[in-house]
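Asker: Take this structure, written in structure tokens, and hold onto it; I'll ask about it next.
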Amino acid sequence: MSPTPTPTLVLLHGTRMNAGFWRGYPALLPGVRVVTPDLPGHGARGSEEFTWQAALATVESALPPAGPVVLAGHSLGGYVAMSYAAAQPTRLAGLGLVGATGVPAGAGAAVYRGFAQLVPLVGAERVARVAGAVMRRLAGGRDISQVTDDGQGYAAMPAAWSAVMAQCGPHLLGGLDIPVLLLNGGLDQMRLGVRAYAAACPGACVVTVPRATHFLPLTHPEVCARHLRGLLDRAAQTYRG
């Protein structure tokens with residue numbers, strides 16, 4: 001009997017971040033093929049326009065032609081991941097959402113919409129300087145200069161979050177027949193809708209890390225990697241080829 005193949009893990013970063021966000025994860029997940037693409041409008045693709053279709057095409061191009069694939073994303077990357085999973089459920093062996101279980105509607109969404117609208121009014125570079133200081137505090141004071149974008153990542157925010165609000169929500173998890181991980185920091189505002197996502201996907205594994213913020217993958221990389229490994233193991237066990 002041949003051994004169960006280890007899935008490829010595709011990791012998507014969030015808004016204002018880039019592929020460097022996941023730079024330590026290949027070492028934390030030995031034996032796993034880890035793929036970390038830049039989303040349009042971010043990182044090496046900063047000059048490109050962000051569109052939802054381009055983001056989904058990025059996922060498609062990152063997937064290997066064969067074998068089990070687990071797709072996981074943080075923040076914006078999680079919303080892109082759930083959208084891809086809903087559109088292509090048979091292409092994935094597992095789905096992980098990290099800091100991406102806020103319901104993009106109501107008062108919470110209004111805050112993000114307002115922040116995104118400030119960018120073209122105030123200027124992406126100026127917003128980046130102010131918001132960058134807040135992000136560093138949430139990341140526990142770590143140097144995040146190599147994993148975050150400057151103004152170019154902020155310039156993509158209005159299009160990115162408008163698309164999230166138009167496209168995403170717990171309904172995207174309904175009907176998924178693959179292992180799903182809902183991983184959040186206990187201090188992350190984006191975890192507040194987790195019950196709605198868990199209700200839409202009753203078999204999902206729900207994990208909350210005490211005292212962790214929205215930047216859980218940066219502040220608690222070993223914990224995050226351990227839960228991603230668990231998702232990979234479950235995906236390998238249920239993969240039907």
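Chain identifiers are assigned as A, B, and so on, following the order in which chains appear in the structure tokens; residues are numbered from 1 within each chain, and ligands are numbered from 1 in order of appearance.
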Counting only C-alpha atoms, which residues in region 173-192 of chain A sit no more than 6 Å from region 197-216 of chain A? For each one, give the nearest pair of atoms and the distance in Å, sorted by chain then residue number, as a tab-separated table.
Answerer:
residue	atom	partner	partner_atom	distance
A:Leu173	CA	A:Cys201	CA	5.7
A:Gly174	CA	A:Ala200	CA	5.1
A:Val180	CA	A:Ala204	CA	4.7
A:Leu181	CA	A:Cys205	CA	4.8
A:Leu182	CA	A:Val206	CA	4.8
A:Leu183	CA	A:Val207	CA	4.9
A:Asn184	CA	A:Thr208	CA	4.9
A:Gly185	CA	A:Ala212	CA	4.3
A:Gly186	CA	A:Pro210	CA	4.7
A:Leu187	CA	A:Thr213	CA	4.7
A:Asp188	CA	A:His214	CA	4.6
Asker: Taking only C-alpha atoms into account, name the residue in A:Ala160, A:Leu29, A:Ala155, A:Leu97 that is nearest to Ala55 (chain A).
Answerer: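 Result for the nearest residue to Ala55 (chain A): A:Ala160.
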Asker: Out of A:Ala93, A:Ile178, A:Val194, A:Leu228, which residue has the shortest atom-to-atom distance to Leu11 (chain A) when counting only C-alpha atoms?
Answerer: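 The answer is A:Leu228, which sits nearest to Leu11 (chain A).
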Asker: Just checking: using only C-alpha atoms, which residue out of A:Pro158, A:Gly14, A:Gly102, A:Gly77 ends up closest to Glu49 (chain A)?
Answerer: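 Checking each candidate against Glu49 (chain A), we get A:Pro158 as the closest.
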